[in-house]
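**Q** My structure file input28.txt, compact mmCIF, C-alpha atoms, is below:
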# COMPACT_ATOMS: atom_id res chain seq x y z
CA MET A 1 0.00 0.00 0.00
CA GLU A 2 1.15 3.54 -0.69
CA PRO A 3 2.88 5.29 2.18
CA ILE A 4 0.42 7.39 4.12
CA ALA A 5 2.84 10.32 4.19
CA SER A 6 2.86 10.54 0.41
CA HIS A 7 -0.88 11.27 0.32
CA GLU A 8 -1.15 14.96 -0.33
CA ASN A 9 -4.81 14.80 0.43
CA TRP A 10 -5.30 13.31 3.85
CA ARG A 11 -9.00 12.93 3.04
CA THR A 12 -8.28 10.15 0.55
CA CYS A 13 -6.34 8.21 3.11
CA PHE A 14 -8.73 8.91 5.96
CA SER A 15 -11.81 7.93 3.94
CA GLU A 16 -10.13 4.59 3.24
CA VAL A 17 -9.34 3.74 6.83
CA ALA A 18 -11.94 5.66 8.85
CA PRO A 19 -14.88 3.15 8.70
CA GLY A 20 -12.65 0.28 9.82
CA LEU A 21 -11.01 2.42 12.47
CA LEU A 22 -14.38 3.47 13.83
CA LEU A 23 -15.57 -0.11 13.98
CA PHE A 24 -12.37 -1.05 15.77
CA ALA A 25 -12.75 1.79 18.28
CA ARG A 26 -16.32 0.76 18.99
CA GLN A 27 -15.10 -2.56 20.34
CA TRP A 28 -14.32 -0.57 23.51
CA VAL A 29 -16.62 2.42 23.45
CA GLN A 30 -20.25 1.97 22.60
CA SER A 31 -20.97 5.55 21.69
CA ALA A 32 -20.25 6.44 18.04
CA ALA A 33 -19.38 10.00 19.08
CA ASP A 34 -16.73 8.80 21.54
CA ALA A 35 -15.36 6.41 18.91
CA GLU A 36 -15.08 9.31 16.44
CA ASP A 37 -13.18 11.37 19.02
CA ILE A 38 -10.75 8.53 19.55
CA VAL A 39 -10.27 7.93 15.82
CA GLN A 40 -9.72 11.63 15.22
CA ASP A 41 -7.02 11.86 17.90
CA ALA A 42 -5.28 8.72 16.71
CA PHE A 43 -5.33 9.66 13.02
CA VAL A 44 -4.17 13.23 13.59
CA LYS A 45 -1.26 12.04 15.71
CA PHE A 46 -0.42 9.38 13.13
CA TRP A 47 -0.54 11.82 10.23
CA ARG A 48 1.52 14.47 11.98
CA ARG A 49 4.30 12.03 12.62
CA ASN A 50 4.25 10.95 8.96
CA HIS A 51 3.96 7.32 9.78
CA ASP A 52 3.97 4.85 6.97
CA ILE A 53 0.67 3.20 6.14
CA GLY A 54 2.76 0.05 5.74
CA ASN A 55 3.09 0.26 9.50
CA ARG A 56 -0.66 0.35 10.00
CA GLY A 57 -0.36 -1.68 13.17
CA LEU A 58 0.80 1.51 14.87
CA LEU A 59 -2.34 3.40 13.86
CA TYR A 60 -4.62 0.69 15.23
CA SER A 61 -2.47 0.39 18.30
CA ALA A 62 -2.94 4.14 18.85
CA VAL A 63 -6.71 3.79 18.53
CA ARG A 64 -6.74 0.92 21.01
CA SER A 65 -4.53 2.78 23.44
CA LEU A 66 -6.69 5.92 23.29
CA ALA A 67 -9.85 3.85 23.71
CA LEU A 68 -8.46 2.12 26.80
CA ASP A 69 -7.37 5.51 28.18
CA PHE A 70 -10.87 6.79 27.60
CA ILE A 71 -12.37 3.86 29.49
CA ARG A 72 -9.98 4.32 32.40
CA ARG A 73 -10.45 8.08 32.48
CA ASP A 74 -14.19 8.01 32.39
CA ALA A 75 -15.01 4.53 33.61
CA ARG A 76 -18.28 5.46 35.28
CA ARG A 77 -19.63 7.34 32.31
CA ALA A 78 -18.50 4.61 29.90
CA GLN A 79 -20.20 1.98 32.05
CA ARG A 80 -23.41 4.03 32.27
CA GLU A 81 -23.47 4.56 28.52
CA ALA A 82 -22.65 0.93 27.80
CA THR A 83 -25.57 -0.17 29.99
CA ALA A 84 -27.91 2.36 28.42
CA LEU A 85 -26.89 1.40 24.89
CA ALA A 86 -27.15 -2.31 25.68
CA GLU A 87 -30.70 -1.77 26.83
CA ALA A 88 -31.53 0.45 23.87
CA ASP A 89 -32.48 -0.65 20.40
CA PRO A 90 -29.26 -1.67 18.59
CA ALA A 91 -30.56 0.10 15.51
CA ILE A 92 -29.95 3.46 17.21
CA GLU A 93 -26.19 3.33 16.81
CA PRO A 94 -25.50 0.30 14.60
CA HIS A 95 -21.96 -0.82 13.86
CA PHE A 96 -22.90 -1.85 10.33
CA GLU A 97 -25.10 -0.65 7.52
CA LEU A 98 -27.44 -3.63 7.50
CA GLU A 99 -29.33 -4.54 4.35
CA ASN A 100 -31.21 -7.71 5.29
CA ASP A 101 -32.00 -10.13 8.11
CA THR A 102 -29.04 -12.35 7.33
CA GLN A 103 -26.70 -9.45 7.85
CA SER A 104 -28.51 -8.46 11.04
CA ALA A 105 -28.09 -11.99 12.39
CA LEU A 106 -24.44 -11.98 11.41
CA ALA A 107 -23.85 -8.61 13.09
CA ALA A 108 -25.64 -9.80 16.24
CA ALA A 109 -23.57 -12.98 16.29
CA MET A 110 -20.43 -10.94 15.97
CA GLU A 111 -21.47 -8.76 18.90
CA SER A 112 -21.76 -11.87 21.06
CA LEU A 113 -18.14 -12.90 20.49
CA PRO A 114 -15.56 -12.43 23.27
CA ARG A 115 -13.77 -9.13 22.86
CA ASP A 116 -10.33 -10.60 22.17
CA GLN A 117 -11.74 -12.65 19.28
CA ARG A 118 -13.91 -9.84 17.99
CA GLU A 119 -11.08 -7.32 17.78
CA VAL A 120 -8.96 -9.72 15.72
CA LEU A 121 -11.93 -10.36 13.44
CA VAL A 122 -12.55 -6.63 12.99
CA LEU A 123 -8.92 -5.97 12.14
CA LYS A 124 -8.75 -8.89 9.71
CA ILE A 125 -12.07 -8.58 7.88
CA TRP A 126 -12.84 -4.87 7.83
CA ASN A 127 -9.35 -3.41 8.05
CA ASP A 128 -7.44 -5.90 5.88
CA LEU A 129 -4.59 -6.25 8.34
CA THR A 130 -2.26 -9.22 8.13
CA PHE A 131 -1.77 -11.40 11.19
CA GLY A 132 1.62 -9.75 11.60
CA GLU A 133 0.04 -6.30 11.70
CA ILE A 134 -2.70 -7.50 14.03
CA ALA A 135 -0.08 -8.96 16.34
CA ALA A 136 1.78 -5.62 16.35
CA ALA A 137 -1.39 -3.64 17.00
CA LEU A 138 -2.59 -5.81 19.87
CA GLY A 139 0.76 -6.72 21.33
CA ILE A 140 0.28 -10.46 20.85
CA SER A 141 2.03 -13.12 18.78
CA GLN A 142 1.01 -13.89 15.20
CA ASN A 143 0.02 -17.39 16.23
CA THR A 144 -2.26 -16.02 18.94
CA ALA A 145 -3.80 -13.60 16.46
CA ALA A 146 -4.39 -16.42 13.95
CA SER A 147 -5.87 -18.76 16.55
CA ARG A 148 -8.18 -16.05 17.91
CA TYR A 149 -9.36 -15.45 14.37
CA ARG A 150 -10.12 -19.14 13.89
CA TYR A 151 -11.94 -19.31 17.23
CA ALA A 152 -13.99 -16.26 16.26
CA LEU A 153 -15.06 -17.81 12.96
CA THR A 154 -15.79 -21.14 14.62
CA ASN A 155 -17.94 -19.45 17.24
CA LEU A 156 -19.76 -17.40 14.61
CA LYS A 157 -20.47 -20.50 12.62
CA LYS A 158 -21.86 -22.26 15.68
CA THR A 159 -24.04 -19.31 16.54
CA LEU A 160 -25.44 -19.01 13.03
CA GLN A 161 -26.14 -22.71 12.58
CA PRO A 162 -29.87 -23.49 12.67
CA GLN A 163 -30.82 -25.17 15.93
CA MET B 1 -9.95 -22.86 0.35
CA ASN B 2 -10.67 -23.21 4.03
CA ASP B 3 -13.92 -24.08 5.79
CA PHE B 4 -14.59 -20.47 6.65
CA SER B 5 -14.29 -18.84 3.23
CA GLU B 6 -18.05 -18.57 2.80
CA LEU B 7 -18.44 -17.06 6.26
CA GLU B 8 -15.59 -14.65 5.58
CA ASN B 9 -17.26 -13.54 2.36
CA GLU B 10 -20.51 -12.95 4.20
CA LEU B 11 -18.70 -10.92 6.83
CA ARG B 12 -16.97 -8.79 4.18
CA LYS B 13 -20.37 -7.93 2.76
CA LEU B 14 -21.17 -6.23 6.05
CA ARG B 15 -20.24 -2.57 5.62
CA PRO B 16 -19.24 -0.67 8.76
CA THR B 17 -21.14 2.56 9.36
CA GLN B 18 -19.49 5.54 7.72
CA PRO B 19 -17.99 8.28 9.84
CA SER B 20 -19.92 11.51 10.03
CA SER B 21 -18.96 14.37 7.74
CA VAL B 22 -18.27 16.37 10.89
CA LEU B 23 -15.42 13.99 11.69
CA PHE B 24 -13.71 14.84 8.39
CA GLU B 25 -14.05 18.54 9.14
CA ARG B 26 -12.67 18.08 12.64
CA VAL B 27 -9.68 16.09 11.43
CA GLY B 28 -9.06 18.72 8.74
CA GLU B 29 -9.20 21.51 11.32
CA ALA B 30 -6.86 19.65 13.64
CA LEU B 31 -4.34 19.08 10.86
CA LYS B 32 -4.67 22.69 9.66
CA ASP B 33 -4.06 23.96 13.18
CA ARG B 34 -0.92 21.91 13.29
CA ARG B 35 0.32 23.33 9.98
CA VAL B 36 -0.36 26.89 11.17
CA SER B 37 1.33 26.23 14.47
CA ALA B 38 4.33 24.74 12.62
CA VAL B 39 4.73 27.96 10.59
CA VAL B 40 4.37 30.08 13.71
CA ASP B 41 6.89 27.87 15.45
CA ALA B 42 9.38 28.33 12.60
CA ARG B 43 8.92 32.13 12.66
CA SER B 44 9.23 32.36 16.39
CA SER B 45 12.22 30.05 16.66
CA TRP B 46 14.66 32.96 16.11
CA TRP B 47 12.95 35.00 18.84
CA ARG B 48 12.93 32.00 21.13
CA PHE B 49 16.66 31.57 20.46
CA LYS B 50 17.26 35.23 21.23
CA GLU B 51 15.22 35.04 24.40
CA ALA B 52 16.98 31.87 25.44
CA THR B 53 20.38 33.47 24.79
CA GLN B 54 19.39 36.56 26.77
CA ASN B 55 18.17 34.33 29.58
CA TRP B 56 21.49 32.50 29.65
CA TRP B 57 23.39 35.78 29.78
CA SER B 58 21.17 36.97 32.63
CA LEU B 59 21.69 33.71 34.47
CA GLY B 60 25.46 33.98 33.97
CA PHE B 61 25.58 37.51 35.32
CA GLY B 62 23.38 36.51 38.23
CA VAL B 63 25.63 33.60 39.18
CA ALA B 64 28.75 35.76 38.87
CA ALA B 65 27.21 38.44 41.06
CA ALA B 66 26.19 35.86 43.65
CA ALA B 67 29.72 34.41 43.67
CA VAL B 68 31.22 37.87 44.23
CA LEU B 69 28.78 38.52 47.07
CA ILE B 70 29.60 35.20 48.73
CA LEU B 71 33.33 35.86 48.46
CA PHE B 72 32.85 39.33 49.92
CA ALA B 73 30.80 37.88 52.78
CA VAL B 74 33.44 35.22 53.52
CA VAL B 75 36.25 37.78 53.58
CA THR B 76 34.23 40.10 55.83
CA MET B 77 33.45 37.30 58.25
CA GLU B 78 37.12 36.29 58.32
CA ARG B 79 38.14 39.81 59.24
CA ARG B 80 35.42 40.04 61.87
CA HIS B 81 36.62 36.81 63.48
CA GLU B 82 40.20 38.04 63.50
CA GLN B 83 39.08 41.28 65.17
CA GLN B 84 37.15 39.32 67.78
CA GLU B 85 40.22 37.23 68.51
CA THR B 86 42.31 40.36 68.91
CA VAL B 87 39.74 41.78 71.32
CA ALA B 88 39.71 38.55 73.25
CA GLN B 89 43.45 38.54 73.45
CA ALA B 90 43.53 42.12 74.65
CA SER B 91 41.05 41.42 77.43
CA THR B 92 42.41 41.98 80.89
CA ALA B 93 40.47 39.08 82.27
CA SER B 94 42.02 36.64 79.94
CA GLU B 95 45.38 35.37 79.04
CA THR B 96 46.42 34.26 75.61
CA ARG B 97 49.08 31.72 75.09
CA PRO B 98 50.78 30.71 71.89
CA ALA B 99 49.41 27.65 70.11
CA PRO B 100 51.46 24.49 70.14
CA LEU B 101 53.72 24.12 67.16
CA GLU B 102 52.64 20.52 66.48
CA ALA B 103 49.17 21.67 65.52
CA GLU B 104 50.54 24.35 63.25
CA ARG B 105 52.82 21.97 61.49
CA SER B 106 50.13 19.42 60.80
CA THR B 107 48.99 19.33 57.22
CA SER B 108 45.96 17.85 55.63
CA PRO B 109 46.08 15.58 52.57
CA SER B 110 43.36 17.72 50.98
CA GLY B 111 45.79 20.60 50.45
CA PHE B 112 44.99 22.65 53.57
CA VAL B 113 47.94 24.18 55.39
CA PRO B 114 47.81 25.63 58.92
CA ALA B 115 47.05 29.34 58.80
CA GLY B 116 47.10 30.10 62.51
CA GLY B 117 45.78 29.19 65.89
CA THR B 118 44.73 30.89 69.08
CA ASN B 119 44.29 29.69 72.60
CA VAL B 120 42.20 32.24 74.43
CA VAL B 121 42.12 31.84 78.22
CA TYR B 122 38.85 33.23 79.35
CA ASN B 123 38.99 32.04 82.93
CA THR B 124 41.83 31.34 85.37
CA ARG B 125 41.30 29.89 88.82
CA ASP B 126 43.98 29.60 91.44
CA GLU B 127 43.20 26.44 93.40
CA GLY B 128 45.87 26.97 96.05
CA LEU B 129 48.91 25.08 97.18
CA HIS B 130 49.11 21.38 96.88
CA PHE B 131 51.68 18.82 97.76
CA ALA B 132 52.37 16.18 95.23
CA ARG B 133 52.48 12.63 96.48
CA GLY B 134 55.88 11.86 98.05
CA SER B 135 57.08 15.42 97.61
CA GLU B 136 57.57 18.08 100.28
CA ARG B 137 57.69 20.88 97.77
CA PRO B 138 54.44 22.79 97.44
CA LEU B 139 52.82 23.25 94.06
CA ARG B 140 50.37 25.89 93.08
CA ARG B 141 47.48 24.41 91.12
CA VAL B 142 46.02 26.74 88.50
CA ARG B 143 43.04 25.78 86.34
CA TYR B 144 42.70 27.46 82.94
CA ASN B 145 39.50 27.47 80.91
CA THR B 146 40.42 28.15 77.32
CA GLN B 147 38.90 28.34 73.88
CA GLN B 148 41.25 26.94 71.24
CA THR B 149 40.79 27.83 67.60
CA TRP B 150 42.79 26.47 64.68
CA ARG B 151 42.66 27.66 61.13
CA TRP B 152 43.75 26.00 57.90
CA ARG B 153 43.76 27.50 54.46
CA ASN B 154 44.02 25.95 51.04
CA PRO B 155 46.41 28.19 49.08
CA GLU B 156 45.17 26.87 45.76
CA THR B 157 41.47 27.31 46.21
CA GLY B 158 41.45 29.98 48.90
CA ALA B 159 39.12 27.87 51.04
CA SER B 160 39.58 28.09 54.77
CA LEU B 161 38.73 25.75 57.60
CA ARG B 162 38.27 26.76 61.20
CA VAL B 163 37.92 24.46 64.21
CA SER B 164 37.11 25.88 67.60
CA TYR B 165 36.58 24.04 70.86
CA PRO B 166 36.67 24.72 74.63
CA SER B 167 39.29 23.09 76.79
CA GLU B 168 40.31 23.00 80.42
CA GLU B 169 43.89 22.79 81.56
CA VAL B 170 45.32 22.27 85.06
CA VAL B 171 48.87 23.50 85.61
CA LEU B 172 50.98 22.77 88.66
CA ILE B 173 53.54 25.52 89.29
CA PRO B 174 56.37 24.84 91.77
CA VAL B 175 56.49 27.43 94.53
CA SER B 176 59.88 28.54 95.68
CA GLY B 177 60.34 28.88 99.43
CA GLN B 178 62.12 32.23 99.47
Show me the file's structure as structure tokens.
**A**
Amino acid sequence: MEPIASHENWRTCFSEVAPGLLLFARQWVQSAADAEDIVQDAFVKFWRRNHDIGNRGLLYSAVRSLALDFIRRDARRAQREATALAEADPAIEPHFELENDTQSALAAAMESLPRDQREVLVLKIWNDLTFGEIAAALGISQNTAASRYRYALTNLKKTLQPQ
Amino acid sequence: MNDFSELENELRKLRPTQPSSVLFERVGEALKDRRVSAVVDARSSWWRFKEATQNWWSLGFGVAAAAVLILFAVVTMERRHEQQETVAQASTASETRPAPLEAERSTSPSGFVPAGGTNVVYNTRDEGLHFARGSERPLRRVRYNTQQTWRWRNPETGASLRVSYPSEEVVLIPVSGQ
């Protein structure tokens, strides 16, 4: 992929990565607005330092780090919002643009996955990261990243199988 | 092809929600602010350098002035002490005796050399005649209360060291029977 620093128009680069970044950020924060704040901070820092998009792991690592900081900083509010959003209709702030019932079922199944499996799935499917990049972003080994991915798919398959 | 390829394809069909247009504006503003601040930083770097240089000069002058003041204070205090010693020596109620040579000759491995010493007697008490054991000759016992002060000076650095302590001395003076 082209180095991020060579993009004269940051919008091109940001529009490519923003949806995946937002989805990744929302693995920790339920609110879309909070996720956007986190993504903005991470991307601006990343762009200013002229990081290479080949080193995307760093960008996702920054998002994760900022999201965890947010949770620690405002744990009570995050908990309150998470409870409120869990009780609310998921259609209010959906993670995906759903087109049919199959996709809704798939999205719901994904939401039920353990967080460590879900974050690997999000990075692999919607952000096109390699297992090496995922390992760098999450601070785990490539083998762990690959096995979490397999567990996630296995669990999804089980959940979606007709009873 | 693995067992999950169909599931992976289904997952890829799910499109994450798009960020709001406001987010793009906010990122643009944040990046623009940075560019503006970078230009301002470049322009102000010369002034910052000048200010920093001026600050260093001020600090240098300040330290030099403080050093001069400290030296002046040390010299003044030295003189004051010497005057006090002279006054003490001139006192009628006291008696000053020369310091032992051994102390003056002693040198320190740190480069200090003896610069002087005083032994100010501030109290003398005549305790009367006494006879030493096995002797028929009377001895006058005199008790001296003194304040001994020794000074060393390092000729290279100009540093000085002063030690002062009280002492008590009993002297037996043979009395002639004339």
**Q** To one decimal place, how far is CA of Arg143 in chain B from CA of Thr118 in chain B in Å?
**A** 18.1 Å
**Q** Would you mind listing, as number ranges by chain, all residues of chain A that have at least one atom within 10 Å of chain B, where only C-alpha atoms are what counts?
**A** A: 10-11, 14-15, 18-24, 32-33, 35-37, 39-41, 43-45, 47-48, 93-99, 102-104, 106-107, 110, 121-122, 124-126, 150, 153-154, 156-157, 160
**Q** Any idea what the distance is between CA of Gly117 in chain B and CA of Arg151 in chain B?
**A**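 Separating CA of Gly117 in chain B from CA of Arg151 in chain B is a distance of 5.9 Å.
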**Q** Using all atoms listed in the file, which residue out of A:Val120, A:Leu138, A:Leu113, A:Ala105 lies closest to Ser61 in chain A?
**A**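 Of all the options, A:Leu138 lies closest to Ser61 in chain A.
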**Q** Quick one: pull the distance between CA of Phe131 in chain B and CA of Leu172 in chain B, Å, one decimal.
**A** 9.9 Å
**Q** Find the residues near Asp116 in chain A: any atom within 12 Å, counting all atoms listed in the file, skip ones fewer than 2 places away on the same chain, and give them as a list of chain:residue names.
**A** A:Phe24, A:Gln27, A:Trp28, A:Met110, A:Glu111, A:Ser112, A:Leu113, A:Pro114, A:Arg118, A:Glu119, A:Val120, A:Leu121, A:Val122, A:Leu123, A:Ile134, A:Ala135, A:Leu138, A:Gly139, A:Ile140, A:Thr144, A:Ala145, A:Ala146, A:Ser147, A:Arg148, A:Tyr149, A:Arg150, A:Tyr151, A:Ala152
**Q** Residues around (53.6, 27.5, 92.2), cut-off 6 Å, counting all atoms listed in the file - what are they as a ChimeraX atom specification?
**A** /B:139-140,173-175
**Q** Pick out the closest residue to Arg141 in chain B from this set: B:Val163, B:Ala66, B:Leu129, B:Ala73. Count all atoms listed in the file.
**A** B:Leu129
**Q** Which neighbours of Ala67 in chain A fall inside 8 Å, counting all atoms listed in the file, when residues of the same chain fewer than 3 positions from it are skipped, and could you give them as a PyMOL selection string?
**A** chain A and resi 25+28-29+35+38+63-64+70-71
